[in-house]
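For reference, data.txt is printed below; it contains compact mmCIF, C-alpha atoms.
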# COMPACT_ATOMS: atom_id res chain seq x y z
CA MET A 185 0.00 0.00 0.00
CA ARG A 186 1.32 3.42 -0.97
CA HIS A 187 0.78 6.84 0.58
CA LEU A 188 1.77 10.35 -0.41
CA MET A 189 3.60 12.32 2.28
CA SER A 190 6.10 14.24 0.19
CA PRO A 191 6.55 14.81 -3.55
CA LEU A 192 9.71 12.73 -3.21
CA ASP A 193 7.67 9.61 -2.47
CA PHE A 194 7.39 9.11 -6.22
CA THR A 195 10.43 8.77 -8.48
CA PRO A 196 10.62 11.14 -11.48
CA GLN A 197 9.66 8.14 -13.67
CA GLU A 198 6.61 7.41 -11.50
CA LEU A 199 5.67 11.08 -11.63
CA ASP A 200 5.91 10.98 -15.43
CA ARG A 201 3.43 8.08 -15.45
CA LEU A 202 1.16 9.99 -13.05
CA PHE A 203 1.26 13.10 -15.24
CA ASP A 204 0.66 11.05 -18.41
CA LEU A 205 -2.42 9.65 -16.68
CA ALA A 206 -3.53 13.17 -15.62
CA ASN A 207 -3.16 14.42 -19.21
CA ASP A 208 -5.13 11.40 -20.45
CA ILE A 209 -7.90 12.22 -17.94
CA GLU A 210 -7.81 15.84 -19.13
CA HIS A 211 -8.50 14.77 -22.73
CA ASN A 212 -10.76 11.71 -22.08
CA LYS A 213 -12.95 12.62 -19.11
CA LYS A 214 -15.72 10.15 -19.95
CA LYS A 215 -13.31 7.22 -19.90
CA TYR A 216 -12.69 7.78 -16.18
CA ALA A 217 -16.21 8.82 -15.07
CA HIS A 218 -16.85 5.48 -13.30
CA ALA A 219 -13.29 4.45 -12.48
CA CYS A 220 -13.93 4.81 -8.72
CA ASP A 221 -17.52 3.57 -8.52
CA GLY A 222 -18.18 2.30 -4.99
CA LYS A 223 -15.03 3.84 -3.52
CA ILE A 224 -15.02 6.40 -0.70
CA LEU A 225 -12.59 9.25 -0.10
CA ALA A 226 -12.38 10.65 3.45
CA THR A 227 -11.31 14.30 3.58
CA CYS A 228 -10.00 14.90 7.13
CA PHE A 229 -9.34 18.62 7.25
CA TYR A 230 -8.29 19.83 10.71
CA GLU A 231 -7.96 23.38 9.43
CA PRO A 232 -10.09 25.18 6.86
CA SER A 233 -9.00 24.96 3.25
CA THR A 234 -11.94 25.18 0.92
CA ARG A 235 -9.87 25.08 -2.23
CA THR A 236 -7.79 21.96 -1.58
CA ARG A 237 -10.74 20.12 -0.05
CA LEU A 238 -13.06 20.94 -2.94
CA SER A 239 -10.36 19.97 -5.42
CA PHE A 240 -10.12 16.53 -3.78
CA GLU A 241 -13.90 16.22 -3.62
CA SER A 242 -14.25 17.25 -7.25
CA ALA A 243 -11.56 14.73 -8.25
CA MET A 244 -13.25 11.81 -6.44
CA THR A 245 -16.74 12.80 -7.66
CA ARG A 246 -15.51 13.05 -11.28
CA LEU A 247 -14.16 9.51 -10.90
CA GLY A 248 -17.58 8.25 -9.81
CA GLY A 249 -16.64 7.79 -6.12
CA SER A 250 -18.13 9.28 -2.96
CA VAL A 251 -16.73 11.62 -0.31
CA ILE A 252 -17.11 11.80 3.47
CA GLY A 253 -15.21 13.95 5.92
CA PHE A 254 -14.93 17.06 8.04
CA SER A 255 -13.66 20.50 7.19
CA ASP A 256 -12.31 21.85 10.47
CA ALA A 257 -11.09 20.43 13.75
CA GLY A 258 -14.09 21.90 15.62
CA SER A 259 -16.52 19.61 13.80
CA SER A 260 -14.40 16.48 14.31
CA SER A 261 -13.60 14.30 17.29
CA ALA A 262 -10.31 16.20 17.59
CA SER A 263 -12.30 18.82 19.52
CA LYS A 264 -13.02 16.05 22.07
CA GLY A 265 -9.31 15.37 22.35
CA GLU A 266 -8.99 12.36 20.03
CA SER A 267 -5.50 11.76 18.69
CA VAL A 268 -4.66 11.61 15.00
CA SER A 269 -3.58 7.99 15.53
CA ASP A 270 -7.02 7.01 16.83
CA THR A 271 -8.92 9.04 14.23
CA ILE A 272 -7.18 7.38 11.30
CA ARG A 273 -7.78 3.91 12.71
CA VAL A 274 -11.50 4.69 12.69
CA ILE A 275 -11.46 6.41 9.30
CA SER A 276 -9.72 3.31 7.90
CA CYS A 277 -12.95 1.42 8.64
CA TYR A 278 -15.14 3.95 6.84
CA ALA A 279 -13.24 4.88 3.66
CA ASP A 280 -10.91 3.48 1.00
CA ILE A 281 -8.52 6.44 0.88
CA CYS A 282 -7.91 9.52 3.06
CA ALA A 283 -6.74 13.06 2.32
CA MET A 284 -5.57 14.78 5.51
CA ARG A 285 -4.80 18.41 6.22
CA HIS A 286 -3.55 19.34 9.68
CA PRO A 287 -2.04 22.49 11.19
CA LYS A 288 0.65 20.42 12.94
CA GLU A 289 3.66 19.40 10.92
CA GLY A 290 4.04 15.64 10.52
CA ALA A 291 0.42 14.80 11.44
CA PRO A 292 -0.30 12.98 8.14
CA MET A 293 2.87 10.91 8.71
CA VAL A 294 1.52 9.83 12.09
CA ALA A 295 -1.74 8.88 10.32
CA MET A 296 0.18 6.97 7.65
CA GLU A 297 1.99 4.91 10.29
CA ARG A 298 -1.32 3.74 11.81
CA SER A 299 -3.54 3.63 8.71
CA LEU A 300 -5.00 0.64 6.88
CA ILE A 301 -5.83 2.76 3.81
CA PRO A 302 -3.68 5.06 1.62
CA VAL A 303 -3.16 8.49 3.21
CA ILE A 304 -2.52 11.64 1.18
CA ASN A 305 -0.87 14.58 2.90
CA ALA A 306 -3.10 17.50 1.91
CA GLY A 307 -0.89 19.99 3.76
CA ASP A 308 0.72 19.84 7.22
CA GLY A 309 1.40 23.21 8.83
CA GLY A 310 4.26 25.02 7.15
CA HIS A 311 5.92 21.76 6.21
CA GLN A 312 4.75 19.95 3.06
CA HIS A 313 1.92 20.23 0.56
CA PRO A 314 2.70 17.48 -1.96
CA THR A 315 -0.53 17.54 -3.99
CA GLN A 316 -0.03 21.24 -4.64
CA THR A 317 3.46 20.33 -5.83
CA LEU A 318 2.09 17.64 -8.14
CA THR A 319 -0.31 20.30 -9.46
CA ASP A 320 2.57 22.72 -10.01
CA LEU A 321 4.72 20.11 -11.75
CA LEU A 322 1.86 18.99 -14.01
CA THR A 323 1.12 22.64 -14.89
CA ILE A 324 4.76 23.34 -15.74
CA ARG A 325 5.14 20.12 -17.73
CA SER A 326 1.88 20.68 -19.62
CA LEU A 327 2.47 24.37 -20.42
CA LYS A 328 6.28 24.46 -20.75
CA GLY A 329 6.64 21.05 -22.36
CA SER A 330 9.18 19.67 -19.87
CA LEU A 331 10.41 19.75 -16.29
CA GLY A 332 13.91 21.16 -16.40
CA GLY A 333 16.08 23.69 -18.19
CA PHE A 334 14.62 26.83 -16.62
CA THR A 335 15.11 29.57 -14.06
CA ILE A 336 12.31 29.72 -11.52
CA GLY A 337 11.68 32.64 -9.18
CA LEU A 338 9.86 31.88 -5.95
CA CYS A 339 8.46 35.03 -4.41
CA GLY A 340 6.83 36.01 -1.12
CA ASP A 341 6.63 33.91 2.02
CA LEU A 342 9.40 31.38 1.55
CA LYS A 343 9.74 30.65 5.28
CA PHE A 344 6.28 29.33 6.11
CA GLY A 345 5.12 28.68 2.53
CA ARG A 346 4.88 24.91 2.42
CA THR A 347 3.99 24.91 -1.29
CA VAL A 348 7.34 26.48 -1.95
CA HIS A 349 9.24 23.96 0.18
CA SER A 350 7.57 21.00 -1.49
CA LEU A 351 8.11 22.44 -4.98
CA ILE A 352 11.83 23.00 -4.38
CA HIS A 353 12.27 19.43 -3.12
CA ALA A 354 10.54 18.12 -6.22
CA LEU A 355 12.33 20.30 -8.76
CA VAL A 356 15.86 19.50 -7.58
CA ARG A 357 15.49 16.07 -9.17
CA TYR A 358 15.31 17.54 -12.67
CA GLU A 359 18.17 18.77 -14.85
CA ASP A 360 19.40 22.33 -15.21
CA ILE A 361 17.12 24.23 -12.81
CA ARG A 362 18.18 27.51 -11.24
CA PHE A 363 16.36 28.98 -8.24
CA LEU A 364 15.87 32.65 -7.40
CA PHE A 365 14.42 33.13 -3.92
CA ILE A 366 12.72 36.51 -3.66
CA SER A 367 11.61 37.37 -0.13
CA PRO A 368 11.95 39.86 2.71
CA GLU A 369 14.71 39.01 5.19
CA GLU A 370 12.16 37.73 7.75
CA LEU A 371 10.58 35.26 5.33
CA LYS A 372 13.69 33.72 3.78
CA VAL A 373 13.70 30.06 2.75
CA PRO A 374 14.63 27.80 5.74
CA ASP A 375 18.24 26.76 6.16
CA TYR A 376 17.55 23.05 5.64
CA ILE A 377 16.54 23.83 2.07
CA THR A 378 19.57 25.97 1.26
CA GLU A 379 21.75 23.29 2.93
CA MET A 380 20.21 20.69 0.63
CA LEU A 381 20.77 22.87 -2.48
CA LYS A 382 24.42 23.45 -1.51
CA ASN A 383 24.94 19.72 -0.97
CA LYS A 384 23.49 18.95 -4.39
CA ASP A 385 25.43 21.81 -6.04
CA ILE A 386 22.25 23.38 -7.40
CA PRO A 387 22.51 27.12 -8.20
CA TYR A 388 20.36 29.49 -6.14
CA GLU A 389 20.30 33.14 -5.19
CA GLU A 390 18.47 34.93 -2.40
CA VAL A 391 17.31 38.45 -3.29
CA THR A 392 14.78 40.99 -2.01
CA SER A 393 13.90 42.85 -5.24
CA LEU A 394 11.40 41.26 -7.62
CA GLU A 395 11.91 43.90 -10.35
CA ASP A 396 15.66 43.25 -10.57
CA VAL A 397 15.27 39.57 -11.39
CA MET A 398 12.09 39.63 -13.54
CA PRO A 399 13.95 39.61 -16.90
CA ARG A 400 15.85 36.43 -15.94
CA LEU A 401 12.83 34.30 -15.05
CA ASP A 402 11.20 31.55 -17.10
CA LEU A 403 8.70 30.89 -14.32
CA LEU A 404 7.51 33.08 -11.46
CA TYR A 405 5.85 31.33 -8.54
CA MET A 406 4.04 33.88 -6.39
CA THR A 407 2.86 33.08 -2.86
CA ARG A 408 0.59 34.71 -0.33
CA VAL A 409 1.89 35.83 3.06
CA GLN A 410 -0.36 33.68 5.25
CA LYS A 411 -1.82 35.29 8.32
CA GLU A 412 -2.39 31.94 10.04
CA ARG A 413 1.37 31.20 10.07
CA PHE A 414 2.19 34.23 12.22
CA PHE A 415 2.11 34.33 15.99
CA ASN A 416 2.39 38.10 15.86
CA GLU A 417 -0.21 40.24 14.01
CA GLU A 418 2.23 43.17 13.78
CA ASP A 419 4.73 41.12 11.74
CA TYR A 420 1.98 39.96 9.40
CA ILE A 421 0.75 43.50 8.70
CA ARG A 422 4.30 44.69 8.03
CA LEU A 423 5.09 41.89 5.56
CA LYS A 424 1.82 41.16 3.76
CA ASP A 425 2.18 43.82 1.04
CA PHE A 426 5.92 43.42 0.45
CA TYR A 427 5.45 42.14 -3.14
CA ILE A 428 2.67 42.99 -5.54
CA LEU A 429 2.90 41.74 -9.11
CA ASP A 430 1.36 44.24 -11.52
CA THR A 431 1.46 44.98 -15.26
CA ALA A 432 4.49 47.27 -14.86
CA LYS A 433 6.52 44.38 -13.43
CA MET A 434 5.15 41.99 -16.05
CA GLU A 435 6.56 44.29 -18.76
CA LEU A 436 10.04 43.46 -17.48
CA ALA A 437 9.46 39.71 -17.95
CA LYS A 438 10.18 37.41 -20.89
CA PRO A 439 7.29 37.03 -23.38
CA ASP A 440 6.93 33.32 -22.55
CA MET A 441 7.40 33.53 -18.77
CA LEU A 442 4.61 31.85 -16.80
CA VAL A 443 3.13 33.15 -13.55
CA LEU A 444 1.99 30.45 -11.13
CA HIS A 445 0.26 30.86 -7.77
CA PRO A 446 -1.14 28.13 -5.48
CA LEU A 447 -4.20 30.37 -4.73
CA PRO A 448 -6.00 31.87 -2.99
CA ARG A 449 -4.38 35.21 -3.67
CA VAL A 450 -5.09 38.29 -1.62
CA ASN A 451 -3.42 41.21 -3.31
CA GLU A 452 0.03 39.91 -4.26
CA ILE A 453 -1.09 39.67 -7.91
CA SER A 454 -3.13 42.60 -9.23
CA VAL A 455 -6.29 41.51 -11.02
CA GLU A 456 -5.05 43.42 -14.09
CA VAL A 457 -2.45 40.64 -14.56
CA ASP A 458 -5.22 38.01 -14.96
CA SER A 459 -5.78 38.92 -18.61
CA ASP A 460 -2.07 38.55 -19.44
CA PRO A 461 -1.62 35.27 -21.39
CA ARG A 462 1.36 34.49 -19.13
CA ALA A 463 -0.92 34.26 -16.08
CA ALA A 464 -1.33 30.51 -15.60
CA TYR A 465 -2.75 30.30 -12.06
CA PHE A 466 -6.35 29.50 -12.97
CA LYS A 467 -5.24 26.80 -15.41
CA GLN A 468 -3.12 25.52 -12.51
CA ALA A 469 -6.28 25.06 -10.39
CA GLN A 470 -7.80 22.95 -13.19
CA TYR A 471 -4.66 20.81 -13.40
CA GLY A 472 -5.00 20.36 -9.63
CA VAL A 473 -8.17 18.35 -10.14
CA TYR A 474 -6.67 16.19 -12.92
CA VAL A 475 -3.56 15.37 -10.90
CA ARG A 476 -5.62 14.47 -7.82
CA MET A 477 -7.79 12.20 -9.98
CA ALA A 478 -4.64 10.52 -11.29
CA LEU A 479 -3.26 10.22 -7.74
CA ILE A 480 -6.43 8.66 -6.32
CA LEU A 481 -6.48 6.11 -9.17
CA THR A 482 -2.78 5.32 -8.66
CA LEU A 483 -2.97 4.91 -4.85
CA LEU A 484 -6.11 2.77 -5.14
CA GLU A 485 -4.26 0.70 -7.78
CA LEU A 486 -7.07 1.31 -10.28
CA ALA A 487 -4.90 2.94 -12.97
CA MET B 165 47.28 10.43 41.83
CA LEU B 166 44.04 8.73 42.85
CA ASN B 167 43.87 5.04 42.01
CA VAL B 168 40.64 3.25 41.16
CA GLY B 169 40.83 -0.52 41.00
CA LYS B 170 40.23 -2.75 37.97
CA ILE B 171 36.77 -4.02 37.15
CA GLU B 172 36.25 -7.70 36.34
CA GLU B 173 33.42 -7.43 33.83
CA GLY B 174 31.83 -4.35 32.32
CA PHE B 175 33.04 -1.36 30.40
CA VAL B 176 35.26 1.65 30.75
CA LEU B 177 34.29 4.86 28.99
CA ASP B 178 37.49 6.77 28.37
CA HIS B 179 38.24 10.18 26.85
CA ILE B 180 35.08 11.80 28.16
CA LYS B 181 35.35 15.58 28.07
CA ALA B 182 36.48 16.80 31.49
CA GLY B 183 33.53 17.55 33.77
CA LYS B 184 30.97 15.75 31.61
CA SER B 185 30.93 12.32 33.24
CA LEU B 186 27.92 13.15 35.43
CA SER B 187 25.96 14.30 32.39
CA LEU B 188 26.80 10.99 30.66
CA TYR B 189 25.81 9.10 33.81
CA ASP B 190 22.35 10.65 33.51
CA HIS B 191 21.99 10.17 29.74
CA LEU B 192 22.95 6.48 29.99
CA GLY B 193 20.48 5.92 32.81
CA LEU B 194 23.20 4.49 35.06
CA ASP B 195 21.31 5.67 38.12
CA LYS B 196 18.69 3.03 37.30
CA LEU B 197 21.18 0.13 37.16
CA ASP B 198 22.09 -1.83 40.26
CA CYS B 199 25.82 -2.03 39.61
CA THR B 200 29.13 -0.56 40.70
CA VAL B 201 30.03 2.70 38.98
CA ALA B 202 33.25 4.70 39.39
CA ILE B 203 33.21 8.27 38.19
CA ILE B 204 36.67 9.71 37.70
CA LYS B 205 36.74 13.43 37.09
CA ASN B 206 39.60 15.54 35.72
CA ALA B 207 42.05 12.66 35.24
CA ARG B 208 45.32 13.59 33.54
CA SER B 209 45.38 12.89 29.80
CA ASN B 210 48.20 13.26 27.26
CA LYS B 211 45.66 13.64 24.47
CA MET B 212 43.12 15.91 26.15
CA GLY B 213 44.95 17.54 29.05
CA LYS B 214 42.12 16.58 31.40
CA LYS B 215 39.44 13.98 30.90
CA ASP B 216 36.72 12.08 32.73
CA ILE B 217 36.42 8.30 32.92
CA LEU B 218 33.45 6.12 33.81
CA LYS B 219 33.93 2.54 34.97
CA VAL B 220 30.79 0.44 35.10
CA GLU B 221 30.54 -3.15 36.24
CA CYS B 222 27.67 -4.61 34.20
CA ASP B 223 26.80 -6.45 31.00
CA ILE B 224 27.99 -4.49 27.92
CA ASN B 225 24.62 -5.11 26.26
CA MET B 226 23.03 -2.88 28.88
CA LEU B 227 24.84 0.12 27.42
CA ASP B 228 23.02 2.14 24.75
CA LEU B 229 25.86 2.79 22.32
CA ASP B 230 23.60 4.86 20.04
CA VAL B 231 22.90 7.35 22.80
CA LEU B 232 26.57 7.45 23.66
CA ALA B 233 27.56 8.03 20.04
CA TYR B 234 24.99 10.78 19.73
CA ILE B 235 26.27 12.53 22.83
CA ASP B 236 29.97 12.26 21.92
CA HIS B 237 31.33 9.81 19.38
CA ASN B 238 34.93 10.59 20.41
CA ILE B 239 34.52 8.62 23.65
CA THR B 240 36.43 5.33 23.75
CA VAL B 241 34.44 2.31 24.89
CA ASN B 242 36.59 -0.48 26.34
CA VAL B 243 34.86 -3.78 27.00
CA ILE B 244 36.28 -5.60 30.01
CA LYS B 245 36.17 -9.34 30.71
CA ASP B 246 38.14 -11.14 33.43
CA GLY B 247 39.81 -7.84 34.26
CA GLU B 248 41.23 -7.34 30.75
CA ILE B 249 40.21 -5.19 27.77
CA VAL B 250 38.75 -7.66 25.27
CA ASP B 251 37.21 -5.24 22.79
CA LYS B 252 37.07 -1.58 21.85
CA LYS B 253 33.81 -0.36 20.43
CA ASP B 254 33.86 2.26 17.69
CA LEU B 255 31.15 4.82 18.07
CA VAL B 256 29.47 6.08 14.95
CA LEU B 257 26.67 8.63 14.83
CA PRO B 258 23.39 6.70 14.82
CA GLN B 259 21.17 7.08 11.76
CA GLN B 260 18.18 7.47 14.05
CA ILE B 261 17.65 8.25 17.72
CA LYS B 262 14.44 7.69 19.60
CA ASN B 263 13.27 9.50 22.74
CA VAL B 264 16.71 10.89 23.59
CA ILE B 265 16.01 14.46 22.56
CA HIS B 266 12.68 16.20 22.05
CA CYS B 267 11.39 18.30 19.18
CA HIS B 268 10.94 21.90 20.30
CA ASN B 269 8.99 23.05 17.25
CA PRO B 270 5.59 24.20 18.57
CA ARG B 271 4.08 23.43 15.15
CA CYS B 272 5.23 19.78 15.23
CA ILE B 273 2.65 17.02 15.78
CA THR B 274 4.85 15.67 18.60
CA SER B 275 3.86 18.77 20.60
CA ILE B 276 0.23 17.57 20.90
CA GLU B 277 0.03 13.86 20.08
CA GLN B 278 0.37 11.94 23.33
CA GLU B 279 2.73 8.96 23.45
CA LEU B 280 4.24 9.71 20.04
CA PRO B 281 7.97 8.87 20.16
CA HIS B 282 10.40 11.70 19.46
CA ILE B 283 12.43 10.35 16.56
CA PHE B 284 15.33 12.21 14.96
CA TYR B 285 17.27 11.15 11.89
CA LEU B 286 20.83 12.03 10.90
CA ALA B 287 20.33 14.60 8.12
CA ASP B 288 23.93 15.73 7.65
CA PRO B 289 26.65 13.40 8.99
CA ALA B 290 29.45 15.90 8.22
CA LYS B 291 27.86 18.64 10.33
CA GLU B 292 26.26 16.15 12.76
CA VAL B 293 22.82 17.61 12.14
CA TYR B 294 19.75 15.76 13.36
CA ARG B 295 16.22 16.56 12.21
CA CYS B 296 12.81 15.57 13.57
CA LYS B 297 11.29 12.73 11.56
CA TYR B 298 7.89 14.42 11.54
CA CYS B 299 8.54 18.14 10.96
CA GLU B 300 12.21 18.09 9.83
CA GLU B 301 13.10 20.78 12.37
CA LYS B 302 16.82 20.84 13.10
CA TYR B 303 17.82 19.96 16.64
CA THR B 304 20.02 22.81 17.77
CA GLU B 305 20.59 22.28 21.49
CA ARG B 306 22.97 19.38 21.27
CA SER B 307 26.04 21.49 21.78
CA LYS B 308 24.48 23.23 24.77
CA ASN B 309 23.85 19.92 26.51
CA TYR B 310 27.34 18.58 26.03
CA LYS B 311 30.40 20.73 25.42

I need this file expressed as structure tokens, please.
Amino acid sequence: MRHLMSPLDFTPQELDRLFDLANDIEHNKKKYAHACDGKILATCFYEPSTRTRLSFESAMTRLGGSVIGFSDAGSSSASKGESVSDTIRVISCYADICAMRHPKEGAPMVAMERSLIPVINAGDGGHQHPTQTLTDLLTIRSLKGSLGGFTIGLCGDLKFGRTVHSLIHALVRYEDIRFLFISPEELKVPDYITEMLKNKDIPYEEVTSLEDVMPRLDLLYMTRVQKERFFNEEDYIRLKDFYILDTAKMELAKPDMLVLHPLPRVNEISVEVDSDPRAAYFKQAQYGVYVRMALILTLLELA
Amino acid sequence: MLNVGKIEEGFVLDHIKAGKSLSLYDHLGLDKLDCTVAIIKNARSNKMGKKDILKVECDINMLDLDVLAYIDHNITVNVIKDGEIVDKKDLVLPQQIKNVIHCHNPRCITSIEQELPHIFYLADPAKEVYRCKYCEEKYTERSKNYK
């Protein structure tokens, strides 16, 4: 039985097969409409995340399966003090596969260790968010043609932004990728990531100005400064508007650069950028459903 | 110079940093064992200037070499049988340590999940960096505990 805790759980070859399947689903939706008939997905969301949860629910429903679950810790037995270990043992009796989001880092791994069904990490605190990474990789592969041979700028909250951490871990396995980390000093990428890049001899730079590096980028991955990751409201207010991508900045970029964003955005991308053909973040949300469909089929061994 | 007699069966931990034998005594749980223990503090050493030595009369299998290696892998472990050194154990940093140190990341699941073991893995052998299995937070207080 396989689970998904980190994007590294799948080899690049396995990811290629997963993305081939996702692209096949994209172009042949009817073929997969009953692939999960009779199967149940449990969405165990201990913190609110409408987008990721609905993406999972949409994926399972489009495959013909059903969904059960809870969408915040208050409406689950966690509010009565039940441990993650106990919850997953019970959920294992009710469902065939589980997607878990939890504010505590490592919670889905605890679930995985006790579970009788495949567990998907749907985001654990500021740590990992592998299905977002699979979405990002599928979007890049589908729109750029390959994974590798580009300079990617990651901008915004690189300290707590789990999507960023997961994406970096996944991209280092491909050839000829250069990273530009664009963040305020307080939200720099954690040292364990820069340590890993140094060890693997992968080029990276840490800068604070987005304008200065725009012309060098093939991909720009914008992130939101997340209020829920801060203990201190004052720090959040100071840092939330540090970067705003607008048409003036887009004019500095290459004509084929792509802008990605895990969504939801607040104001870090002006709405005027939405009509720019390089804005790929809504397509990215659509790829998120296809990749989750492919993942559910793969983990249930139905592909 | 103070003389401490030979032990018949057990182990001698040599080349302990001076003044740290009591800390090792605690980490190894020697207070819980019903055996003879000699703690020698600030013994003269050609190599270290001053050093501590622990002599323990008990079965070698009762010693947690992983914990010892984690605390200080430069310590020499001499295994004693019939009053003679019969073996010297090489200490290498363990790939994983369980319930020796605790994760201090308030966002880690270990901070709320009762009875979850605190497991750390060796992330960077060259820099002797350990990270929490669950949240990957680096353990930074090792040097404070033992220097």

Quiz item: Taking only C-alpha atoms into account, what are the residues of chain A at most 7 Å from chain B, put as a list in words?
Solution: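 Applying the cut-off to the listed atoms yields Ser267, Lys288, Glu289, Gly290, Ala291, Met293, Gly309 and His311 of chain A.
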
Exercise. Could you tell me which of B:Gly174, B:Pro281, B:Gly247, B:Pro258 comes closest to Ala202 of chain B if we count all atoms listed in the file?
Key: B:Gly174

Self-check item: Shell around Leu194 of chain B at 12 Å using only C-alpha atoms, local window under 5 positions removed, as an NGL selection string
Solution: :B and (185-189 or 199-203 or 218-222 or 226-228)

Quiz prompt | Close residues, segment 380-396 of chain A itself excluded, 7 Å, all atoms listed in the file, min 4 positions apart in chain, as a PyMOL selection string | solution = chain A and resi 362-368+376+433

Please list as a CSV table (one decimal) with C-alpha atoms, in the frame of the given file every residue within 12 Å of Lys213 of chain A, counting only C-alpha atoms and excluding residues in the same chain fewer than 6 positions away.
chain,number,residue,atom,x,y,z
A,205,LEU,CA,-2.4,9.6,-16.7
A,206,ALA,CA,-3.5,13.2,-15.6
A,207,ASN,CA,-3.2,14.4,-19.2
A,219,ALA,CA,-13.3,4.4,-12.5
A,243,ALA,CA,-11.6,14.7,-8.2
A,246,ARG,CA,-15.5,13.0,-11.3
A,247,LEU,CA,-14.2,9.5,-10.9
A,248,GLY,CA,-17.6,8.2,-9.8
A,473,VAL,CA,-8.2,18.4,-10.1
A,474,TYR,CA,-6.7,16.2,-12.9
A,477,MET,CA,-7.8,12.2,-10.0
A,478,ALA,CA,-4.6,10.5,-11.3

Practice problem: Record the distance separating atom CA of Glu173 of chain B and atom CA of Gly213 of chain B, expressed in Å with one decimal. | Solution: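 Taking atom CA of Glu173 of chain B and atom CA of Gly213 of chain B, their separation equals 27.9 Å.
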
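Here atom CA of Gln259 of chain B stands at a distance of 5.0 Å from atom CA of Leu286 of chain B.
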
Practice problem: Go through B:His191, B:His268, B:Lys181, B:Lys170 and flag the residue nearest Ile217 of chain B, using all atoms listed in the file for the distances. | Solution: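 Distance minimum relative to Ile217 of chain B lands on B:Lys181.
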
Near-Met398 of chain A list (9 Å; all atoms listed in the file; drop same-chain fewer than 3 positions) as a compact mmCIF listing (two decimals) with C-alpha atoms, in the coordinates of the input:
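Output file selection-v9.txt follows:
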# COMPACT_ATOMS: atom_id res chain seq x y z
CA GLY A 337 11.68 32.64 -9.18
CA LEU A 394 11.40 41.26 -7.62
CA GLU A 395 11.91 43.90 -10.35
CA LEU A 401 12.83 34.30 -15.05
CA ASP A 402 11.20 31.55 -17.10
CA LEU A 404 7.51 33.08 -11.46
CA LYS A 433 6.52 44.38 -13.43
CA MET A 434 5.15 41.99 -16.05
CA GLU A 435 6.56 44.29 -18.76
CA LEU A 436 10.04 43.46 -17.48
CA ALA A 437 9.46 39.71 -17.95
CA LYS A 438 10.18 37.41 -20.89

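Those residues that approach Arg325 of chain A to within 9 Å, counting only C-alpha atoms, are A:Phe203, A:Leu331, A:Gly332; same-chain residues fewer than 6 positions away are not listed.
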
Quiz item: From the list A:Phe334, A:Tyr278, A:Phe344, A:Tyr427, which residue is nearest Leu403 of chain A when using only C-alpha atoms?
Solution: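 For Leu403 of chain A, the nearest of the candidates is A:Phe334.
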
Self-check item: Pick from A:Asn212, A:Gln470, A:Thr227, A:Thr407, whichever lies nearest to Met244 of chain A using only C-alpha atoms
Solution: A:Thr227

Practice problem: Mind giving me the straight-line distance from atom CA of Ala262 of chain A to atom CA of Tyr230 of chain A in Å, one decimal? | Solution: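 Atom CA of Tyr230 of chain A lies 8.0 Å from atom CA of Ala262 of chain A.
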
If I wrap all listed atoms of segment 253-272 of chain B in a box with edges along x, y and z and add 8 Å on each side, what are its centre and edge lengths in Å to one decimal, as AutoDock Vina command-line options?
--center_x 19.0 --center_y 11.9 --center_z 17.7 --size_x 45.8 --size_y 40.6 --size_z 27.8

Quiz item: Taking into account all atoms listed in the file, which residue in the set A:Arg462, A:Arg201, A:Lys424, A:Arg237 is nearest to Val450 of chain A?
Solution: A:Lys424
